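Asks: Please see the structure below; I have some questions.
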Amino acid sequence: MSLKQIVVLSGKGGAGKTTLTATLAKLFDSKVIVDTDVDAADMFILMKPKIRKKEKFKGKSVAKINQDYCIKCGKCKELCRFDAINIINDKYKINEYMCDGCNLCEIACPENAINMIPQIVGEWYISETKWGDMVHAKLYPGAENSGNLVTMVKHQAKLIAENKKKNFLLIDGPPGIGCPVNSSLSGAHYAVLVTEPTQSGLHDLKRIQQVSNHFDLDNYLVINKYDINIEMTNKILEFAQDKNMKLIGKIPFDKRIVNAQVNLKTPIDFEENEDLKKQFKEIYNKLINDIERE
Amino acid sequence: MKIAVASGKGGTGKTTVSVLLYEYLDEYTYVDMDVEEPNGSIFIKPDIVKKEDFNKKIPNINENKCTFCGKCADNCPYNAISIIKNAEKSLFFEDLCMSCGVCSYVCPIEDAIIEEDKKIGVINYGMGFKNSKSIDFIEGVLDIGEPSGVPIINKINKKLTGGEKYILDSPPGTTCPTVATIEKVDYVVLVTEPTPFGINDLELTLEIVEEMDKPHGLVVNKDNEDNDLIEKFLKNHDINILGSIPYDEDFARSYSKGESLLHSSKNIESSVEKIIKNLKKENEEL
């Protein structure tokens, strides 16, 4: 079997991506665990990885104006499309948060007073967990280029999986529908979409489903906290049927699931949660059986 | 006065708190900056009175004029252009283009690259359930498949005029879109939930807010007093607590149906009152 990539996504944040991915990670046999929510990476909290390798990640460069050479012609400010150049105390200054590193000001400056300074925007890790190898990352707060870091994380995970002949990359995806989500889906085979029965949950599911279709993936659906609003759950099910998404699980609202996270564990880590364990196992079975059937 | 509501982690209650503040504070306009997944309209149910397409500039390479010198491709910081000199062909990858304008700037041939508008989203303006006579709802919506909503966020920011009052519902995460949202605000309301994920992402967001030197305070959502995570967090961080919103089933039900949040339960109303009181202590102009 060739390496298959499964991405867990939701559009809306807080729908339960990480809890589900971490739980599945403990059930899957032959996989590398990947956290691509590099903006707010939380999976390490549940997987307790031991970091074996750590690398800095170089992102975009940021422009820097050398005030000794600047003649205040204003060309850079006029050309910048990112509103990154301001006049502060009669000096042209770069706002590093806004600068996209496009080089236009550096190219245009008649005095060569602008240089591009490369930035370290984050780091990525190859780690060991009790449940197998894990690749994850951390983007420094305020940084950019999360799409590129996602691509790097996935690339590293793929190398490990190929080397160790693993069958799956199990990927915790980022929220939203933008660049990091696209990077997490690129090269993927299956999307597991997690939603909750709220207006926001359905709204965001509809948007993420379109993104996933754009990548031509098979979509599986998990409805989390399905019993907080049965009417909405039914609407979601209608939508899912209409869009050919396969329902693989409905998880009830259960305080034990929150409590597990508070104790830095997944819901199936507790002996007494026999029924929850059964439910998650069923989700796993449905997913794996369907994938293997294809 | 501009207040941003931010959290780092998704699903902690940014939209909930933003809508509650909008509902409670008469003169405030709600602004949805979570352009990838804007959900405010579900609760505010605005009558949209104006829609503006949001366009980005993309290059159109005229192969009749192009000399295939490759300068545009060499200088494109996003690798969005390929020039195949021998075949006299140009390739443009729109998904990668960030509209920086470098290609047309460096192109030595007049009119060989012309920048054209490409729609990447829409900005909606409307009146919400407060029955205001003027616009009190603004949202940015990024088109599916577009890589970055930051240009829309920046555009909306420019439209927010100085004297007016705004609540900005921020995107999740701690990177560019969040920074672009809080860049120009006067105050940041941080929202968290008492879970390890909530606290971890709060710490990241706090780092940015402090670095950007924005006054800020914390609202604890879904506060069930079951654990001491918030207490532990407060031991290590000097942060102003604005208040908390208790976990409440009636409230959760109203949320799931998209109904009025403020009046869903008595508990909620008094919690919001307390938050507003504390906000006012810190912001006289509120």
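Every chain in the structure tokens takes a letter, A first, then B, and so on in the order presented; its residues are numbered from 1, and the ligands are numbered from 1 following the presented order.
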Select residues of chain A: the criterion is any atom within 7 Å of an atom of chain B, counting only C-alpha atoms; output as a VMD selection string.
Replies: chain A and resid 11 to 15 39 to 40 42 81 102 104 141 to 144 176 to 179 197 to 200 204 207 211 228 to 229 261 to 262
Asks: Take the residues from that selection and write them out as a PDB file, in the first residue's frame, keeping N, CA and C atoms.
Replies:
```
ATOM      1  N   GLY A  11     -12.570  23.985   9.261  1.00  0.00           N
ATOM      2  CA  GLY A  11     -12.949  25.367   8.955  1.00  0.00           C
ATOM      3  C   GLY A  11     -12.996  26.146  10.246  1.00  0.00           C
ATOM      4  N   LYS A  12     -14.056  25.918  11.013  1.00  0.00           N
ATOM      5  CA  LYS A  12     -14.207  26.588  12.297  1.00  0.00           C
ATOM      6  C   LYS A  12     -13.204  26.039  13.310  1.00  0.00           C
ATOM      7  N   GLY A  13     -12.625  26.918  14.095  1.00  0.00           N
ATOM      8  CA  GLY A  13     -11.745  26.459  15.152  1.00  0.00           C
ATOM      9  C   GLY A  13     -12.566  25.921  16.318  1.00  0.00           C
ATOM     10  N   GLY A  14     -11.931  25.096  17.135  1.00  0.00           N
ATOM     11  CA  GLY A  14     -12.594  24.616  18.336  1.00  0.00           C
ATOM     12  C   GLY A  14     -13.664  23.571  18.095  1.00  0.00           C
ATOM     13  N   ALA A  15     -13.703  23.005  16.885  1.00  0.00           N
ATOM     14  CA  ALA A  15     -14.740  22.010  16.604  1.00  0.00           C
ATOM     15  C   ALA A  15     -14.330  20.633  17.108  1.00  0.00           C
ATOM     16  N   ASP A  39       0.224  27.740  13.625  1.00  0.00           N
ATOM     17  CA  ASP A  39      -0.061  29.037  14.258  1.00  0.00           C
ATOM     18  C   ASP A  39      -0.394  28.872  15.724  1.00  0.00           C
ATOM     19  N   ALA A  40      -1.077  27.797  16.031  1.00  0.00           N
ATOM     20  CA  ALA A  40      -1.505  27.556  17.406  1.00  0.00           C
ATOM     21  C   ALA A  40      -1.469  26.048  17.619  1.00  0.00           C
ATOM     22  N   ASP A  42      -1.352  22.657  19.201  1.00  0.00           N
ATOM     23  CA  ASP A  42      -1.780  22.167  20.511  1.00  0.00           C
ATOM     24  C   ASP A  42      -1.628  20.659  20.672  1.00  0.00           C
ATOM     25  N   ARG A  81       2.757  47.863  -1.460  1.00  0.00           N
ATOM     26  CA  ARG A  81       1.349  47.442  -1.525  1.00  0.00           C
ATOM     27  C   ARG A  81       0.855  46.938  -0.173  1.00  0.00           C
ATOM     28  N   CYS A 102       8.561  41.435  -0.124  1.00  0.00           N
ATOM     29  CA  CYS A 102       8.474  41.282  -1.584  1.00  0.00           C
ATOM     30  C   CYS A 102       9.658  41.900  -2.322  1.00  0.00           C
ATOM     31  N   LEU A 104      10.187  44.904  -3.356  1.00  0.00           N
ATOM     32  CA  LEU A 104       9.929  45.996  -4.297  1.00  0.00           C
ATOM     33  C   LEU A 104      10.629  47.276  -3.856  1.00  0.00           C
ATOM     34  N   PRO A 141       4.991  33.807  17.357  1.00  0.00           N
ATOM     35  CA  PRO A 141       3.826  34.700  17.310  1.00  0.00           C
ATOM     36  C   PRO A 141       4.103  35.928  16.446  1.00  0.00           C
ATOM     37  N   GLY A 142       3.127  36.271  15.620  1.00  0.00           N
ATOM     38  CA  GLY A 142       3.254  37.459  14.785  1.00  0.00           C
ATOM     39  C   GLY A 142       3.925  37.197  13.455  1.00  0.00           C
ATOM     40  N   ALA A 143       4.429  35.970  13.256  1.00  0.00           N
ATOM     41  CA  ALA A 143       5.167  35.675  12.033  1.00  0.00           C
ATOM     42  C   ALA A 143       4.227  35.349  10.877  1.00  0.00           C
ATOM     43  N   GLU A 144       4.853  35.126   9.717  1.00  0.00           N
ATOM     44  CA  GLU A 144       4.062  34.814   8.539  1.00  0.00           C
ATOM     45  C   GLU A 144       4.647  33.609   7.843  1.00  0.00           C
ATOM     46  N   GLY A 176      -9.692  27.564   9.320  1.00  0.00           N
ATOM     47  CA  GLY A 176      -9.798  28.500   8.210  1.00  0.00           C
ATOM     48  C   GLY A 176      -9.863  27.813   6.865  1.00  0.00           C
ATOM     49  N   ILE A 177      -9.686  28.608   5.813  1.00  0.00           N
ATOM     50  CA  ILE A 177      -9.716  28.067   4.447  1.00  0.00           C
ATOM     51  C   ILE A 177      -8.550  28.617   3.622  1.00  0.00           C
ATOM     52  N   GLY A 178      -7.590  29.277   4.256  1.00  0.00           N
ATOM     53  CA  GLY A 178      -6.557  29.992   3.505  1.00  0.00           C
ATOM     54  C   GLY A 178      -5.338  29.154   3.187  1.00  0.00           C
ATOM     55  N   CYS A 179      -4.227  29.847   3.017  1.00  0.00           N
ATOM     56  CA  CYS A 179      -2.981  29.251   2.549  1.00  0.00           C
ATOM     57  C   CYS A 179      -2.504  28.038   3.370  1.00  0.00           C
ATOM     58  N   PRO A 197     -22.910  20.845  15.663  1.00  0.00           N
ATOM     59  CA  PRO A 197     -24.232  21.240  15.185  1.00  0.00           C
ATOM     60  C   PRO A 197     -24.608  22.642  15.642  1.00  0.00           C
ATOM     61  N   THR A 198     -23.910  23.633  15.126  1.00  0.00           N
ATOM     62  CA  THR A 198     -24.259  25.027  15.375  1.00  0.00           C
ATOM     63  C   THR A 198     -24.315  25.678  14.003  1.00  0.00           C
ATOM     64  N   GLN A 199     -24.956  26.850  13.946  1.00  0.00           N
ATOM     65  CA  GLN A 199     -25.017  27.584  12.678  1.00  0.00           C
ATOM     66  C   GLN A 199     -23.613  27.826  12.147  1.00  0.00           C
ATOM     67  N   SER A 200     -22.712  28.225  13.069  1.00  0.00           N
ATOM     68  CA  SER A 200     -21.343  28.522  12.647  1.00  0.00           C
ATOM     69  C   SER A 200     -20.662  27.263  12.114  1.00  0.00           C
ATOM     70  N   ASP A 204     -19.264  26.956   8.296  1.00  0.00           N
ATOM     71  CA  ASP A 204     -17.850  26.743   8.012  1.00  0.00           C
ATOM     72  C   ASP A 204     -17.604  25.403   7.324  1.00  0.00           C
ATOM     73  N   ARG A 207     -17.993  25.803   3.658  1.00  0.00           N
ATOM     74  CA  ARG A 207     -16.845  26.437   3.001  1.00  0.00           C
ATOM     75  C   ARG A 207     -15.652  25.472   2.902  1.00  0.00           C
ATOM     76  N   VAL A 211     -13.355  23.734  -0.337  1.00  0.00           N
ATOM     77  CA  VAL A 211     -11.895  23.736  -0.452  1.00  0.00           C
ATOM     78  C   VAL A 211     -11.403  22.316  -0.697  1.00  0.00           C
ATOM     79  N   ILE A 228     -26.204  18.332  21.080  1.00  0.00           N
ATOM     80  CA  ILE A 228     -26.579  19.632  21.647  1.00  0.00           C
ATOM     81  C   ILE A 228     -27.649  20.320  20.802  1.00  0.00           C
ATOM     82  N   ASN A 229     -27.802  19.898  19.561  1.00  0.00           N
ATOM     83  CA  ASN A 229     -28.863  20.445  18.724  1.00  0.00           C
ATOM     84  C   ASN A 229     -29.163  19.448  17.596  1.00  0.00           C
ATOM     85  N   GLN A 261      -8.933  16.368  28.286  1.00  0.00           N
ATOM     86  CA  GLN A 261      -7.972  17.374  27.818  1.00  0.00           C
ATOM     87  C   GLN A 261      -7.364  18.132  29.001  1.00  0.00           C
ATOM     88  N   VAL A 262      -8.209  18.450  29.975  1.00  0.00           N
ATOM     89  CA  VAL A 262      -7.713  19.163  31.157  1.00  0.00           C
ATOM     90  C   VAL A 262      -6.607  18.335  31.833  1.00  0.00           C
TER      91      VAL A 262
END
```
Asks: Tell me, which residues of region 42-267 of chain A carry DSSP strand (DSSP E), written as a PyMOL selection string?
Replies: chain A and resi 50-65+85-88+91-94+114-129+132-139+168-172+190-195+218-224+246-251
Asks: Write out as a PyMOL selection string all residues of region 76-262 of chain A that backbone DSSP assigns to alpha helix (DSSP H).
Replies: chain A and resi 76-79+104-108+146-163+179-185+199-214+230-242+255-262
Asks: Would you pick out the contacts of Lys77 (chain A) at 9 Å or less, using only C-alpha atoms, so that residues sharing its chain but fewer than 2 positions from it are not included, and give the list as a PyMOL selection string?
Replies: chain A and resi 74-75+79-81+83-87+92+105
Asks: Hey, which of A:Ile33, A:Met232, A:Met1, A:Met98 ends up closest to Lys158 (chain A)? Count only C-alpha atoms.
Replies: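 Looking only at the distances to Lys158 (chain A), the closest residue turns out to be A:Ile33.
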Asks: Kindly indicate which residue among B:Tyr24, B:Lys222, B:Thr16, B:Cys69 lies nearest to Ser270 (chain B), using only C-alpha atoms for the distances.
Replies: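 Ranking B:Tyr24, B:Lys222, B:Thr16, B:Cys69 by distance to Ser270 (chain B), first place goes to B:Tyr24.
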Asks: Which residue, A:Pro174, A:Pro252, A:Gly201, A:Pro267, has the smallest gap to Ala22 (chain A) when you use only C-alpha atoms?
Replies: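 Looking at the shortest contact to Ala22 (chain A), the residue is A:Pro267.
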Asks: List the spatial neighbours of His189 (chain A) as JSON, numbers by chain - criterion: any atom at most 12 Å away, only C-alpha atoms, same-chain residues fewer than 4 positions off excluded.
Replies: {"A": [2, 3, 4, 5, 6, 7, 8, 168, 169, 170, 171, 184, 185, 212, 213, 215, 216, 217, 218, 219, 220, 291, 294]}
Asks: Would you put the residues from that selection into a file with N, CA and C atoms, as a PDB file, in the first residue's frame?
Replies:
```pdb
ATOM      1  N   SER A   2       0.603   2.155  -0.914  1.00  0.00           N
ATOM      2  CA  SER A   2       1.392   3.391  -0.963  1.00  0.00           C
ATOM      3  C   SER A   2       0.942   4.336   0.148  1.00  0.00           C
ATOM      4  N   LEU A   3       1.790   5.290   0.443  1.00  0.00           N
ATOM      5  CA  LEU A   3       1.528   6.202   1.557  1.00  0.00           C
ATOM      6  C   LEU A   3       0.287   7.050   1.299  1.00  0.00           C
ATOM      7  N   LYS A   4      -0.638   7.040   2.253  1.00  0.00           N
ATOM      8  CA  LYS A   4      -1.860   7.847   2.127  1.00  0.00           C
ATOM      9  C   LYS A   4      -1.858   8.947   3.179  1.00  0.00           C
ATOM     10  N   GLN A   5      -2.318  10.117   2.744  1.00  0.00           N
ATOM     11  CA  GLN A   5      -2.384  11.249   3.666  1.00  0.00           C
ATOM     12  C   GLN A   5      -3.827  11.540   4.069  1.00  0.00           C
ATOM     13  N   ILE A   6      -4.082  11.550   5.371  1.00  0.00           N
ATOM     14  CA  ILE A   6      -5.417  11.865   5.891  1.00  0.00           C
ATOM     15  C   ILE A   6      -5.318  13.183   6.658  1.00  0.00           C
ATOM     16  N   VAL A   7      -6.128  14.159   6.260  1.00  0.00           N
ATOM     17  CA  VAL A   7      -6.084  15.468   6.928  1.00  0.00           C
ATOM     18  C   VAL A   7      -7.383  15.694   7.693  1.00  0.00           C
ATOM     19  N   VAL A   8      -7.275  16.080   8.954  1.00  0.00           N
ATOM     20  CA  VAL A   8      -8.454  16.383   9.760  1.00  0.00           C
ATOM     21  C   VAL A   8      -8.645  17.909   9.767  1.00  0.00           C
ATOM     22  N   PHE A 168       0.395   5.604   6.582  1.00  0.00           N
ATOM     23  CA  PHE A 168      -0.402   6.828   6.654  1.00  0.00           C
ATOM     24  C   PHE A 168       0.360   8.023   7.222  1.00  0.00           C
ATOM     25  N   LEU A 169       0.009   9.222   6.697  1.00  0.00           N
ATOM     26  CA  LEU A 169       0.290  10.449   7.428  1.00  0.00           C
ATOM     27  C   LEU A 169      -1.039  10.860   8.032  1.00  0.00           C
ATOM     28  N   LEU A 170      -1.093  10.987   9.342  1.00  0.00           N
ATOM     29  CA  LEU A 170      -2.313  11.427  10.012  1.00  0.00           C
ATOM     30  C   LEU A 170      -2.102  12.878  10.424  1.00  0.00           C
ATOM     31  N   ILE A 171      -2.846  13.775   9.772  1.00  0.00           N
ATOM     32  CA  ILE A 171      -2.504  15.198   9.831  1.00  0.00           C
ATOM     33  C   ILE A 171      -3.583  16.025  10.531  1.00  0.00           C
ATOM     34  N   SER A 184      -1.840  22.124   3.735  1.00  0.00           N
ATOM     35  CA  SER A 184      -2.065  20.856   4.436  1.00  0.00           C
ATOM     36  C   SER A 184      -2.783  19.870   3.525  1.00  0.00           C
ATOM     37  N   LEU A 185      -3.585  20.372   2.578  1.00  0.00           N
ATOM     38  CA  LEU A 185      -4.362  19.487   1.704  1.00  0.00           C
ATOM     39  C   LEU A 185      -3.600  19.058   0.457  1.00  0.00           C
ATOM     40  N   SER A 212     -11.936  21.388   0.086  1.00  0.00           N
ATOM     41  CA  SER A 212     -11.522  19.998  -0.025  1.00  0.00           C
ATOM     42  C   SER A 212     -11.855  19.439  -1.419  1.00  0.00           C
ATOM     43  N   ASN A 213     -13.014  19.814  -1.950  1.00  0.00           N
ATOM     44  CA  ASN A 213     -13.397  19.367  -3.287  1.00  0.00           C
ATOM     45  C   ASN A 213     -12.452  19.886  -4.366  1.00  0.00           C
ATOM     46  N   PHE A 215      -9.460  20.071  -4.113  1.00  0.00           N
ATOM     47  CA  PHE A 215      -8.319  19.161  -4.139  1.00  0.00           C
ATOM     48  C   PHE A 215      -8.737  17.739  -4.512  1.00  0.00           C
ATOM     49  N   ASP A 216     -10.047  17.582  -4.799  1.00  0.00           N
ATOM     50  CA  ASP A 216     -10.564  16.300  -5.266  1.00  0.00           C
ATOM     51  C   ASP A 216     -10.342  15.171  -4.261  1.00  0.00           C
ATOM     52  N   LEU A 217     -10.624  15.443  -2.992  1.00  0.00           N
ATOM     53  CA  LEU A 217     -10.413  14.437  -1.957  1.00  0.00           C
ATOM     54  C   LEU A 217     -11.719  13.720  -1.619  1.00  0.00           C
ATOM     55  N   ASP A 218     -11.586  12.528  -1.058  1.00  0.00           N
ATOM     56  CA  ASP A 218     -12.752  11.859  -0.470  1.00  0.00           C
ATOM     57  C   ASP A 218     -12.996  12.482   0.893  1.00  0.00           C
ATOM     58  N   ASN A 219     -14.238  12.900   1.150  1.00  0.00           N
ATOM     59  CA  ASN A 219     -14.553  13.565   2.403  1.00  0.00           C
ATOM     60  C   ASN A 219     -15.298  12.654   3.371  1.00  0.00           C
ATOM     61  N   TYR A 220     -14.766  12.573   4.580  1.00  0.00           N
ATOM     62  CA  TYR A 220     -15.469  11.873   5.658  1.00  0.00           C
ATOM     63  C   TYR A 220     -15.948  12.909   6.658  1.00  0.00           C
ATOM     64  N   ILE A 291     -11.299   3.165   3.596  1.00  0.00           N
ATOM     65  CA  ILE A 291     -10.072   3.443   2.848  1.00  0.00           C
ATOM     66  C   ILE A 291      -9.521   2.160   2.229  1.00  0.00           C
ATOM     67  N   GLU A 294     -11.210   0.785  -0.925  1.00  0.00           N
ATOM     68  CA  GLU A 294     -10.973   1.471  -2.207  1.00  0.00           C
ATOM     69  C   GLU A 294      -9.753   0.946  -2.936  1.00  0.00           C
TER      70      GLU A 294
END
```
Asks: I need the residue nearest Val150 (chain A) from this list: A:Ala137, A:Ile120, A:Leu264, A:Ile114. Use only C-alpha atoms for the distance.
Replies: A:Ala137
Asks: Would you mind listing what lies within 12 Å of Ile251 (chain A) as JSON, numbers by chain, with only C-alpha atoms counted and same-chain residues fewer than 5 positions away left out?
Replies: {"A": [15, 16, 19, 20, 194, 195, 196, 197, 221, 222, 223, 224, 225, 226, 227, 228, 233, 256, 257, 267, 275, 276, 277, 278, 279, 280, 281, 282, 283]}
Asks: Could the residues in this selection be written to a file with N, CA and C atoms, as a PDB file, in the first residue's frame?
Replies:
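Below is the file that was written, out.pdb:
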```
ATOM      1  N   ALA A  15     -13.703  23.005  16.885  1.00  0.00           N
ATOM      2  CA  ALA A  15     -14.740  22.010  16.604  1.00  0.00           C
ATOM      3  C   ALA A  15     -14.330  20.633  17.108  1.00  0.00           C
ATOM      4  N   GLY A  16     -13.035  20.448  17.361  1.00  0.00           N
ATOM      5  CA  GLY A  16     -12.580  19.167  17.894  1.00  0.00           C
ATOM      6  C   GLY A  16     -11.556  18.453  17.031  1.00  0.00           C
ATOM      7  N   THR A  19      -8.450  16.985  19.251  1.00  0.00           N
ATOM      8  CA  THR A  19      -8.847  15.863  20.100  1.00  0.00           C
ATOM      9  C   THR A  19      -9.081  14.615  19.255  1.00  0.00           C
ATOM     10  N   LEU A  20      -9.786  14.781  18.122  1.00  0.00           N
ATOM     11  CA  LEU A  20     -10.061  13.624  17.263  1.00  0.00           C
ATOM     12  C   LEU A  20      -8.763  13.078  16.659  1.00  0.00           C
ATOM     13  N   VAL A 194     -14.487  17.738  10.597  1.00  0.00           N
ATOM     14  CA  VAL A 194     -15.115  17.697  11.915  1.00  0.00           C
ATOM     15  C   VAL A 194     -15.994  18.933  12.047  1.00  0.00           C
ATOM     16  N   THR A 195     -17.224  18.742  12.509  1.00  0.00           N
ATOM     17  CA  THR A 195     -18.075  19.902  12.702  1.00  0.00           C
ATOM     18  C   THR A 195     -18.879  19.751  13.982  1.00  0.00           C
ATOM     19  N   GLU A 196     -19.557  20.817  14.361  1.00  0.00           N
ATOM     20  CA  GLU A 196     -20.464  20.753  15.506  1.00  0.00           C
ATOM     21  C   GLU A 196     -21.807  21.295  15.045  1.00  0.00           C
ATOM     22  N   PRO A 197     -22.910  20.845  15.663  1.00  0.00           N
ATOM     23  CA  PRO A 197     -24.232  21.240  15.185  1.00  0.00           C
ATOM     24  C   PRO A 197     -24.608  22.642  15.642  1.00  0.00           C
ATOM     25  N   LEU A 221     -17.042  12.584   7.353  1.00  0.00           N
ATOM     26  CA  LEU A 221     -17.617  13.560   8.267  1.00  0.00           C
ATOM     27  C   LEU A 221     -17.714  13.008   9.685  1.00  0.00           C
ATOM     28  N   VAL A 222     -17.314  13.823  10.659  1.00  0.00           N
ATOM     29  CA  VAL A 222     -17.544  13.498  12.067  1.00  0.00           C
ATOM     30  C   VAL A 222     -18.310  14.666  12.683  1.00  0.00           C
ATOM     31  N   ILE A 223     -19.434  14.398  13.311  1.00  0.00           N
ATOM     32  CA  ILE A 223     -20.176  15.459  13.988  1.00  0.00           C
ATOM     33  C   ILE A 223     -19.884  15.364  15.486  1.00  0.00           C
ATOM     34  N   ASN A 224     -19.284  16.400  15.993  1.00  0.00           N
ATOM     35  CA  ASN A 224     -18.926  16.432  17.407  1.00  0.00           C
ATOM     36  C   ASN A 224     -20.065  17.082  18.194  1.00  0.00           C
ATOM     37  N   LYS A 225     -20.261  16.679  19.421  1.00  0.00           N
ATOM     38  CA  LYS A 225     -21.325  17.216  20.280  1.00  0.00           C
ATOM     39  C   LYS A 225     -22.677  17.165  19.559  1.00  0.00           C
ATOM     40  N   TYR A 226     -22.927  16.071  18.818  1.00  0.00           N
ATOM     41  CA  TYR A 226     -24.080  16.037  17.919  1.00  0.00           C
ATOM     42  C   TYR A 226     -25.406  16.242  18.640  1.00  0.00           C
ATOM     43  N   ASP A 227     -25.432  15.915  19.959  1.00  0.00           N
ATOM     44  CA  ASP A 227     -26.712  15.946  20.679  1.00  0.00           C
ATOM     45  C   ASP A 227     -27.041  17.306  21.297  1.00  0.00           C
ATOM     46  N   ILE A 228     -26.204  18.332  21.080  1.00  0.00           N
ATOM     47  CA  ILE A 228     -26.579  19.632  21.647  1.00  0.00           C
ATOM     48  C   ILE A 228     -27.649  20.320  20.802  1.00  0.00           C
ATOM     49  N   THR A 233     -28.010  18.963  13.689  1.00  0.00           N
ATOM     50  CA  THR A 233     -27.307  17.748  13.268  1.00  0.00           C
ATOM     51  C   THR A 233     -27.974  17.165  12.025  1.00  0.00           C
ATOM     52  N   ARG A 256     -16.617  14.225  29.991  1.00  0.00           N
ATOM     53  CA  ARG A 256     -15.394  13.434  30.155  1.00  0.00           C
ATOM     54  C   ARG A 256     -14.372  13.762  29.065  1.00  0.00           C
ATOM     55  N   ILE A 257     -14.886  14.220  27.887  1.00  0.00           N
ATOM     56  CA  ILE A 257     -13.976  14.557  26.791  1.00  0.00           C
ATOM     57  C   ILE A 257     -13.195  15.835  27.130  1.00  0.00           C
ATOM     58  N   PRO A 267      -9.650  11.147  25.304  1.00  0.00           N
ATOM     59  CA  PRO A 267     -10.765  10.498  26.004  1.00  0.00           C
ATOM     60  C   PRO A 267     -10.591   8.985  26.172  1.00  0.00           C
ATOM     61  N   ASP A 275     -17.063   3.119  27.146  1.00  0.00           N
ATOM     62  CA  ASP A 275     -18.037   3.441  26.086  1.00  0.00           C
ATOM     63  C   ASP A 275     -17.470   4.451  25.086  1.00  0.00           C
ATOM     64  N   LEU A 276     -16.724   5.438  25.591  1.00  0.00           N
ATOM     65  CA  LEU A 276     -16.125   6.416  24.688  1.00  0.00           C
ATOM     66  C   LEU A 276     -15.095   5.746  23.788  1.00  0.00           C
ATOM     67  N   LYS A 277     -14.334   4.864  24.399  1.00  0.00           N
ATOM     68  CA  LYS A 277     -13.304   4.138  23.658  1.00  0.00           C
ATOM     69  C   LYS A 277     -13.958   3.398  22.488  1.00  0.00           C
ATOM     70  N   LYS A 278     -15.100   2.799  22.791  1.00  0.00           N
ATOM     71  CA  LYS A 278     -15.812   2.034  21.768  1.00  0.00           C
ATOM     72  C   LYS A 278     -16.239   2.955  20.611  1.00  0.00           C
ATOM     73  N   GLN A 279     -16.714   4.146  20.989  1.00  0.00           N
ATOM     74  CA  GLN A 279     -17.173   5.083  19.951  1.00  0.00           C
ATOM     75  C   GLN A 279     -16.046   5.541  19.042  1.00  0.00           C
ATOM     76  N   PHE A 280     -14.919   5.884  19.657  1.00  0.00           N
ATOM     77  CA  PHE A 280     -13.795   6.354  18.840  1.00  0.00           C
ATOM     78  C   PHE A 280     -13.241   5.215  17.985  1.00  0.00           C
ATOM     79  N   LYS A 281     -13.241   4.015  18.575  1.00  0.00           N
ATOM     80  CA  LYS A 281     -12.770   2.834  17.841  1.00  0.00           C
ATOM     81  C   LYS A 281     -13.654   2.604  16.608  1.00  0.00           C
ATOM     82  N   GLU A 282     -14.929   2.859  16.779  1.00  0.00           N
ATOM     83  CA  GLU A 282     -15.861   2.678  15.671  1.00  0.00           C
ATOM     84  C   GLU A 282     -15.572   3.672  14.542  1.00  0.00           C
ATOM     85  N   ILE A 283     -15.266   4.921  14.946  1.00  0.00           N
ATOM     86  CA  ILE A 283     -14.917   5.931  13.944  1.00  0.00           C
ATOM     87  C   ILE A 283     -13.680   5.474  13.173  1.00  0.00           C
TER      88      ILE A 283
END
```
Asks: Hey, can you check how far CA of Glu106 (chain A) sits from CA of Asp68 (chain A)?
Replies: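 Straight-line distance from CA of Glu106 (chain A) to CA of Asp68 (chain A) works out to 15.3 Å.
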Asks: Give me the residues within 9 Å of Asn157 (chain B) as number ranges by chain, counting only C-alpha atoms and dropping any in the same chain fewer than 3 places off.
Replies: B: 152-154, 160-161, 180-181, 184
Asks: Skipping near chain neighbours, those fewer than 2 positions away, what residues fall within 7 Å of Asp133 (chain A) using only C-alpha atoms, listed as a PyMOL selection string?
Replies: chain A and resi 32-33+127-129+135
